[in-house]
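Colleague: If it helps, the file is called start-v1.cif and holds mmCIF, C-alpha atoms:
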```cif
data_my_file
#
loop_
_atom_site.label_atom_id
_atom_site.label_comp_id
_atom_site.auth_asym_id
_atom_site.auth_seq_id
_atom_site.Cartn_x
_atom_site.Cartn_y
_atom_site.Cartn_z
CA MET W 208 -8.52 -32.56 -10.78
CA GLU W 209 -8.20 -29.10 -12.27
CA GLU W 210 -8.02 -28.82 -16.04
CA ILE W 211 -6.06 -25.85 -17.34
CA LYS W 212 -6.12 -24.98 -21.02
CA ILE W 213 -3.31 -22.94 -22.52
CA PHE W 214 -2.21 -21.85 -25.98
CA THR W 215 1.36 -21.44 -27.14
CA VAL W 216 2.84 -18.06 -27.97
CA GLU W 217 5.77 -17.05 -30.14
CA ASP W 218 8.30 -17.09 -27.31
CA PHE W 219 7.70 -20.79 -26.75
CA ASP W 220 7.47 -21.99 -30.34
CA GLY W 221 9.99 -24.82 -30.78
CA GLU W 222 10.43 -25.72 -27.09
CA ARG W 223 10.01 -29.15 -25.57
CA LEU W 224 6.59 -29.80 -24.10
CA ASP W 225 7.92 -30.27 -20.56
CA VAL W 226 9.94 -27.04 -20.78
CA TYR W 227 6.94 -25.09 -22.03
CA ILE W 228 4.64 -26.37 -19.28
CA SER W 229 7.33 -25.78 -16.63
CA GLU W 230 7.61 -22.14 -17.67
CA LYS W 231 3.84 -21.71 -17.63
CA PHE W 232 3.53 -23.25 -14.16
CA GLN W 233 6.66 -22.12 -12.37
CA ASP W 234 5.55 -23.53 -9.01
CA PHE W 235 6.14 -27.05 -10.40
CA SER W 236 9.57 -28.59 -10.88
CA ARG W 237 10.66 -29.95 -14.26
CA SER W 238 10.52 -33.51 -12.88
CA ALA W 239 6.98 -32.94 -11.55
CA VAL W 240 5.88 -31.72 -14.98
CA GLN W 241 7.51 -34.71 -16.68
CA LYS W 242 5.58 -37.02 -14.36
CA ILE W 243 2.31 -35.25 -15.24
CA ILE W 244 3.05 -35.78 -18.94
CA LYS W 245 4.12 -39.43 -18.48
CA ASP W 246 0.93 -40.03 -16.48
CA GLN W 247 -0.93 -38.89 -19.62
CA LYS W 248 -2.35 -35.84 -17.87
CA ALA W 249 -1.21 -33.51 -20.66
CA LYS W 250 -2.59 -33.48 -24.19
CA VAL W 251 -1.52 -31.61 -27.30
CA ASN W 252 -4.32 -31.04 -29.79
CA GLY W 253 -6.25 -33.82 -28.05
CA LYS W 254 -3.37 -36.34 -28.25
CA ILE W 255 -1.04 -37.74 -25.60
CA GLU W 256 2.55 -36.67 -26.30
CA LYS W 257 5.95 -37.37 -24.71
CA PRO W 258 7.92 -34.79 -22.69
CA ARG W 259 10.32 -34.26 -25.61
CA TYR W 260 7.51 -33.32 -28.01
CA THR W 261 8.37 -30.04 -29.77
CA VAL W 262 5.71 -27.41 -29.15
CA LYS W 263 4.49 -25.63 -32.28
CA LEU W 264 2.82 -22.26 -32.62
CA GLY W 265 -0.94 -22.75 -32.40
CA ASP W 266 -0.83 -26.05 -30.48
CA ARG W 267 -3.69 -26.46 -28.02
CA ILE W 268 -2.41 -27.91 -24.75
CA GLU W 269 -4.57 -29.28 -21.94
CA VAL W 270 -2.94 -30.01 -18.59
CA GLU W 271 -4.54 -31.66 -15.57
CA ILE W 272 -2.87 -30.56 -12.36
CA PRO W 273 -3.55 -32.68 -9.25
CA THR W 274 -5.11 -30.49 -6.57
CA SER W 275 -2.73 -31.95 -4.00
CA SER W 276 0.22 -30.61 -6.01
CA LYS W 277 -0.76 -27.00 -5.41
CA ILE W 278 1.65 -25.01 -3.32
CA GLU W 279 0.39 -22.82 -0.49
CA ILE W 280 2.32 -19.57 -0.36
CA VAL W 281 2.76 -18.44 3.23
CA PRO W 282 2.68 -14.73 4.14
CA GLN W 283 5.95 -13.62 5.76
CA ASN W 284 6.80 -10.51 7.75
CA ILE W 285 9.65 -9.38 5.51
CA PRO W 286 10.56 -5.65 5.42
CA LEU W 287 9.54 -3.88 2.21
CA ASN W 288 10.55 -0.51 0.83
CA ILE W 289 7.11 0.77 -0.18
CA VAL W 290 7.30 3.99 -2.17
CA TYR W 291 3.54 4.49 -2.60
CA GLU W 292 0.33 2.72 -1.63
CA ASP W 293 -3.43 3.22 -1.95
CA GLU W 294 -6.51 1.00 -2.22
CA ASP W 295 -5.71 -0.07 -5.79
CA LEU W 296 -1.96 -0.55 -5.97
CA LEU W 297 1.40 -0.14 -4.36
CA ILE W 298 4.88 0.67 -5.65
CA VAL W 299 7.76 -1.32 -4.18
CA ASN W 300 11.47 -0.56 -4.46
CA LYS W 301 12.79 -4.15 -4.55
CA GLU W 302 16.25 -4.82 -3.23
CA GLN W 303 18.85 -6.76 -5.18
CA GLY W 304 18.77 -10.49 -4.42
CA MET W 305 15.04 -10.77 -3.68
CA VAL W 306 13.06 -13.14 -5.92
CA VAL W 307 9.77 -11.62 -7.08
CA HIS W 308 7.52 -14.67 -6.81
CA PRO W 309 7.82 -18.30 -5.63
CA GLY W 310 8.96 -21.01 -8.01
CA ALA W 311 10.18 -24.58 -7.94
CA GLY W 312 12.27 -25.13 -4.83
CA ASN W 313 11.89 -21.53 -3.67
CA TYR W 314 8.59 -20.87 -1.90
CA GLU W 315 9.74 -18.54 0.88
CA ASN W 316 11.35 -15.13 1.33
CA THR W 317 10.07 -13.79 -1.99
CA LEU W 318 8.43 -10.45 -2.68
CA VAL W 319 5.04 -12.21 -2.94
CA ASN W 320 5.45 -13.73 0.55
CA ALA W 321 6.13 -10.23 1.89
CA LEU W 322 3.25 -8.67 -0.05
CA LEU W 323 0.75 -11.26 1.22
CA PHE W 324 1.68 -10.36 4.79
CA HIS W 325 1.68 -6.60 4.23
CA THR W 326 -1.69 -6.50 2.43
CA ASP W 327 -3.32 -9.29 4.44
CA GLY W 328 -3.78 -11.18 1.17
CA LYS W 329 -5.57 -8.33 -0.60
CA LEU W 330 -3.89 -8.75 -4.00
CA SER W 331 -5.13 -9.32 -7.55
CA THR W 332 -5.77 -12.89 -8.72
CA ILE W 333 -5.71 -12.22 -12.46
CA ASN W 334 -2.54 -14.27 -13.05
CA GLY W 335 -4.48 -17.50 -12.71
CA ASP W 336 -2.25 -19.27 -10.16
CA ASP W 337 -1.42 -18.96 -6.47
CA THR W 338 2.24 -18.01 -6.86
CA ARG W 339 1.97 -14.55 -8.43
CA PRO W 340 -0.85 -12.60 -6.74
CA GLY W 341 -0.62 -8.90 -7.47
CA ILE W 342 2.39 -9.20 -9.77
CA VAL W 343 1.79 -7.07 -12.87
CA HIS W 344 5.37 -7.18 -14.14
CA ARG W 345 8.64 -8.66 -12.91
CA ILE W 346 12.29 -7.81 -12.64
CA ASP W 347 15.07 -10.33 -12.18
CA LYS W 348 16.24 -11.49 -8.77
CA ASP W 349 19.50 -9.56 -9.01
CA THR W 350 17.90 -6.44 -10.51
CA SER W 351 16.82 -3.84 -7.96
CA GLY W 352 14.23 -1.12 -8.31
CA LEU W 353 10.61 -0.12 -8.80
CA LEU W 354 7.72 -2.52 -9.35
CA MET W 355 3.98 -1.86 -9.47
CA VAL W 356 1.71 -4.31 -7.65
CA ALA W 357 -2.08 -4.56 -8.10
CA LYS W 358 -4.38 -5.02 -5.12
CA ASN W 359 -7.43 -5.98 -7.18
CA ASP W 360 -8.21 -7.45 -10.59
CA LYS W 361 -9.61 -4.21 -12.01
CA SER W 362 -6.36 -2.38 -11.33
CA HIS W 363 -4.28 -5.31 -12.59
CA ILE W 364 -6.08 -5.40 -15.93
CA PHE W 365 -5.74 -1.62 -16.38
CA LEU W 366 -2.02 -1.58 -15.52
CA ALA W 367 -1.27 -4.67 -17.62
CA GLU W 368 -2.96 -3.05 -20.62
CA GLN W 369 -0.59 -0.08 -20.37
CA LEU W 370 2.36 -2.47 -20.38
CA LYS W 371 0.92 -4.21 -23.42
CA GLU W 372 0.47 -0.89 -25.22
CA HIS W 373 3.98 0.24 -24.20
CA SER W 374 2.58 3.41 -22.63
CA THR W 375 4.27 3.00 -19.24
CA LYS W 376 7.57 4.76 -18.54
CA ARG W 377 10.30 2.38 -17.41
CA GLU W 378 13.79 3.73 -17.07
CA TYR W 379 16.77 1.76 -15.79
CA GLN W 380 20.40 2.54 -14.97
CA PHE W 381 23.28 0.10 -15.27
CA ILE W 382 27.04 -0.21 -15.65
CA CYS W 383 28.41 -2.10 -18.62
CA TYR W 384 31.77 -3.27 -19.88
CA GLY W 385 33.69 -1.11 -22.33
CA VAL W 386 33.54 2.56 -23.22
CA VAL W 387 30.43 3.27 -25.29
CA ASP W 388 31.30 5.79 -28.00
CA GLU W 389 27.80 6.93 -29.02
CA ASP W 390 25.84 9.12 -26.61
CA ASN W 391 22.54 7.53 -27.68
CA ILE W 392 21.83 4.08 -29.16
CA THR W 393 18.47 2.53 -30.04
CA VAL W 394 18.40 -1.24 -30.42
CA ASP W 395 15.40 -2.52 -32.35
CA ARG W 396 16.00 -6.26 -32.55
CA PRO W 397 13.63 -9.18 -31.79
CA ILE W 398 14.23 -11.33 -28.72
CA GLY W 399 13.42 -15.00 -28.29
CA ARG W 400 14.80 -18.20 -26.81
CA ASN W 401 18.46 -18.83 -27.58
CA PRO W 402 18.41 -21.84 -29.95
CA LYS W 403 21.73 -23.06 -28.48
CA ASP W 404 20.69 -22.67 -24.85
CA ARG W 405 16.95 -22.67 -24.09
CA LEU W 406 17.54 -21.24 -20.61
CA LYS W 407 18.81 -18.00 -22.16
CA MET W 408 17.25 -15.32 -24.33
CA ALA W 409 18.93 -13.87 -27.44
CA VAL W 410 18.42 -11.63 -30.45
CA VAL W 411 16.88 -14.06 -32.93
CA GLU W 412 14.95 -13.79 -36.16
CA GLY W 413 11.31 -14.62 -35.52
CA GLY W 414 11.52 -13.50 -31.89
CA LYS W 415 9.24 -10.92 -30.29
CA ASN W 416 9.61 -7.26 -31.18
CA ALA W 417 11.93 -5.54 -28.68
CA ILE W 418 13.11 -1.91 -28.57
CA THR W 419 15.55 -0.42 -26.05
CA HIS W 420 16.81 3.17 -25.99
CA PHE W 421 20.27 3.53 -24.43
CA GLU W 422 21.87 6.77 -23.26
CA VAL W 423 25.34 7.34 -21.80
CA ILE W 424 25.43 8.99 -18.36
CA ASP W 425 29.18 8.78 -17.65
CA ARG W 426 32.27 7.08 -19.04
CA PHE W 427 35.12 5.49 -17.10
CA ASP W 428 38.39 3.84 -18.05
CA LYS W 429 36.92 0.46 -19.00
CA PHE W 430 33.24 0.84 -18.12
CA THR W 431 30.21 3.01 -18.93
CA HIS W 432 27.37 4.18 -16.70
CA MET W 433 24.21 4.09 -18.83
CA LYS W 434 20.50 4.71 -18.85
CA ALA W 435 18.01 2.44 -20.63
CA ARG W 436 14.41 3.23 -21.51
CA LEU W 437 12.22 0.27 -22.41
CA GLU W 438 9.71 0.58 -25.20
CA THR W 439 8.82 -3.11 -24.88
CA GLY W 440 9.23 -5.53 -21.99
CA ARG W 441 10.77 -8.81 -23.07
CA THR W 442 12.52 -11.24 -20.73
CA HIS W 443 16.06 -10.00 -19.94
CA GLN W 444 15.62 -7.29 -22.60
CA ILE W 445 18.21 -4.79 -21.38
CA ARG W 446 20.76 -7.51 -20.64
CA VAL W 447 20.27 -9.14 -24.05
CA HIS W 448 20.36 -5.88 -26.04
CA ALA W 449 23.40 -4.61 -24.12
CA ASN W 450 25.19 -7.86 -24.90
CA TYR W 451 24.10 -7.54 -28.54
CA ILE W 452 25.92 -4.19 -28.87
CA LYS W 453 29.02 -5.79 -27.25
CA HIS W 454 28.61 -4.00 -23.91
CA PRO W 455 27.36 -6.66 -21.47
CA LEU W 456 26.35 -5.62 -17.98
CA LEU W 457 28.89 -5.70 -15.20
CA GLY W 458 28.13 -8.63 -12.89
CA ASP W 459 25.88 -10.45 -15.38
CA SER W 460 26.82 -14.12 -15.02
CA VAL W 461 24.43 -15.22 -17.78
CA TYR W 462 25.15 -12.77 -20.63
CA GLY W 463 28.32 -11.07 -19.39
CA HIS W 464 31.89 -12.04 -18.65
CA LYS W 465 32.38 -15.35 -16.89
CA LYS W 466 35.27 -14.07 -14.79
CA GLU W 467 34.49 -10.78 -13.06
CA LYS W 468 37.37 -8.62 -11.87
CA ILE W 469 35.03 -6.83 -9.45
CA LYS W 470 33.24 -8.95 -6.85
CA LEU W 471 29.46 -8.51 -7.24
CA ASN W 472 26.24 -10.30 -6.32
CA GLY W 473 24.64 -10.01 -9.76
CA GLN W 474 24.19 -7.63 -12.66
CA VAL W 475 24.49 -3.92 -11.85
CA LEU W 476 21.00 -2.96 -13.00
CA HIS W 477 18.41 -0.79 -11.25
CA ALA W 478 14.83 0.02 -12.28
CA LYS W 479 15.02 3.72 -11.40
CA LYS W 480 11.89 5.35 -12.83
CA LEU W 481 8.35 4.10 -13.29
CA GLY W 482 5.44 6.06 -14.76
CA PHE W 483 1.85 5.06 -15.55
CA VAL W 484 -1.78 6.20 -15.47
CA HIS W 485 -3.59 5.35 -12.23
CA PRO W 486 -6.40 2.80 -12.78
CA THR W 487 -9.00 4.78 -10.78
CA THR W 488 -8.05 8.47 -10.88
CA ARG W 489 -6.79 8.22 -14.49
CA GLU W 490 -4.01 10.62 -13.53
CA TYR W 491 -0.42 10.08 -14.64
CA MET W 492 1.93 9.10 -11.81
CA GLU W 493 5.72 8.90 -11.92
CA PHE W 494 8.15 7.59 -9.33
CA ASP W 495 11.91 7.92 -9.07
CA SER W 496 14.18 5.91 -6.78
CA GLU W 497 17.72 6.42 -5.54
CA LEU W 498 20.43 4.11 -6.80
CA PRO W 499 21.12 1.41 -4.19
CA GLU W 500 24.17 1.80 -1.97
CA TYR W 501 26.24 -0.89 -3.71
CA PHE W 502 25.62 0.86 -7.06
CA ARG W 503 26.66 4.28 -5.70
CA ASP W 504 29.77 2.83 -4.06
CA LEU W 505 30.73 1.14 -7.32
CA LEU W 506 30.42 4.43 -9.23
CA ILE W 507 32.76 6.10 -6.72
CA LYS W 508 35.24 3.24 -7.09
CA LEU W 509 35.21 3.41 -10.90
CA LYS W 510 35.75 7.18 -10.87
CA SER W 511 38.86 6.70 -8.76
CA LEU W 512 40.46 4.08 -11.01
#
```
Could you take the file, read its structure, and then write that structure out as structure tokens?
Modeller:
Amino acid sequence: MEEIKIFTVEDFDGERLDVYISEKFQDFSRSAVQKIIKDQKAKVNGKIEKPRYTVKLGDRIEVEIPTSSKIEIVPQNIPLNIVYEDEDLLIVNKEQGMVVHPGAGNYENTLVNALLFHTDGKLSTINGDDTRPGIVHRIDKDTSGLLMVAKNDKSHIFLAEQLKEHSTKREYQFICYGVVDEDNITVDRPIGRNPKDRLKMAVVEGGKNAITHFEVIDRFDKFTHMKARLETGRTHQIRVHANYIKHPLLGDSVYGHKKEKIKLNGQVLHAKKLGFVHPTTREYMEFDSELPEYFRDLLIKLKSL
């Protein structure tokens, strides 16, 4: 048996124990986690608790994961759009629809499967599990764009520290509903779990500090093409902050309109620019990517309306 010790953080304060553990170990299904808890393989502050136990900030949780439950992630020869690569890292331009790393019920055809094949398994192991090798930061399945991937632990730690200190440059472009009047908007509102729906994030008091700088690129009849620069990197940050200012992203089925007039495969959001200091050379590097074809076609369509 492998004993894994974890400590709660602000984002998970107030969640059920099984939900918290499921989010920490995304390669296990909710039912598998519930079985682990019911089998008394999870303790909170040294005590056995039920799956519905409410996690509190500062709780010490010990979880025993059966070795047989570990998932082996298989390398797959999946085409990747690699923008840059050296011995320490690589920059990938992820396409819309590709999941970044394996999770419950989805262990194939992810970016990690492709990366394992491309690098022959030479990826960082700092994440502490077998499902996210090399992954320094993530973007949603239906968000396209630039991601940095670490090939070794030294590089991973250095890049992750820049994310923590908010010194990386991350610039996105998206299309939202409505005509945004202001040319520039800064949203400085905390983000945490939505108390009414724990599967969603929301602007909530007591959430984690989150700052997004919005800038209008172009305006259309009923939509706006915008740029977003992240100062922090919370889950779904751009989508949540855009919804907060009443301009949800086009195609966003979680935070946007339930009935879309334009047929899309997900939110129109692209991670366009990425800048950081290289872990070995200590030189600043910046990458820019073209908007994907579907995004460009949509802009042409909106201009003609």
Colleague: Pick the closest to W:Asn359 from W:Lys329, W:His454, W:His373, W:Arg339: which is it, counting all atoms listed in the file?
Modeller: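 The shortest atom-to-atom distance to W:Asn359 comes from W:Lys329.
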Colleague: Identify which of the residues W:Glu315, W:Asp395, W:Asp349, W:Asp360 lies closest to W:Asp295, counting all atoms listed in the file when measuring atom-to-atom distances.
Modeller: W:Asp360
Colleague: Give as a list in words the set of residues within 8 Å of the point (14.6, -6.6, -10.2), where distances use the file's coordinates and all atoms listed in the file.
Modeller: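 Here the neighbourhood of the point contains Lys301, Glu302, Gln303, Met305, Val306, Val307, Arg345, Ile346, Asp347, Lys348, Asp349, Thr350, Ser351, Gly352, Leu353, Leu476, His477 and Ala478 of chain W.
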Colleague: Tell me which of W:Asp388, W:Asp459, W:Glu372, W:Asp293 sits closest to W:Phe427, counting all atoms listed in the file.
Modeller: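 Of the candidates, the smallest distance to W:Phe427 is held by W:Asp388.
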Colleague: I would like the residues chosen by the PyMOL selection byres ((chain W and resi 446) around 8) on the shown file; could you give them as a list in words?
Modeller: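 What the PyMOL selection byres ((chain W and resi 446) around 8) grabs from the file is His443, Gln444, Ile445, Val447, His448, Ala449, Asn450, Pro455, Leu456, Asp459 and Tyr462 of chain W.
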Colleague: Would you save the residues from that selection as a short mmCIF file (atom, residue, chain, number, x, y, z; two decimals), keeping the file's coordinate frame, using C-alpha atoms?
Modeller:
```cif
data_model
loop_
_atom_site.label_atom_id
_atom_site.label_comp_id
_atom_site.auth_asym_id
_atom_site.auth_seq_id
_atom_site.Cartn_x
_atom_site.Cartn_y
_atom_site.Cartn_z
CA HIS W 443 16.06 -10.00 -19.94
CA GLN W 444 15.62 -7.29 -22.60
CA ILE W 445 18.21 -4.79 -21.38
CA VAL W 447 20.27 -9.14 -24.05
CA HIS W 448 20.36 -5.88 -26.04
CA ALA W 449 23.40 -4.61 -24.12
CA ASN W 450 25.19 -7.86 -24.90
CA PRO W 455 27.36 -6.66 -21.47
CA LEU W 456 26.35 -5.62 -17.98
CA ASP W 459 25.88 -10.45 -15.38
CA TYR W 462 25.15 -12.77 -20.63
#
```
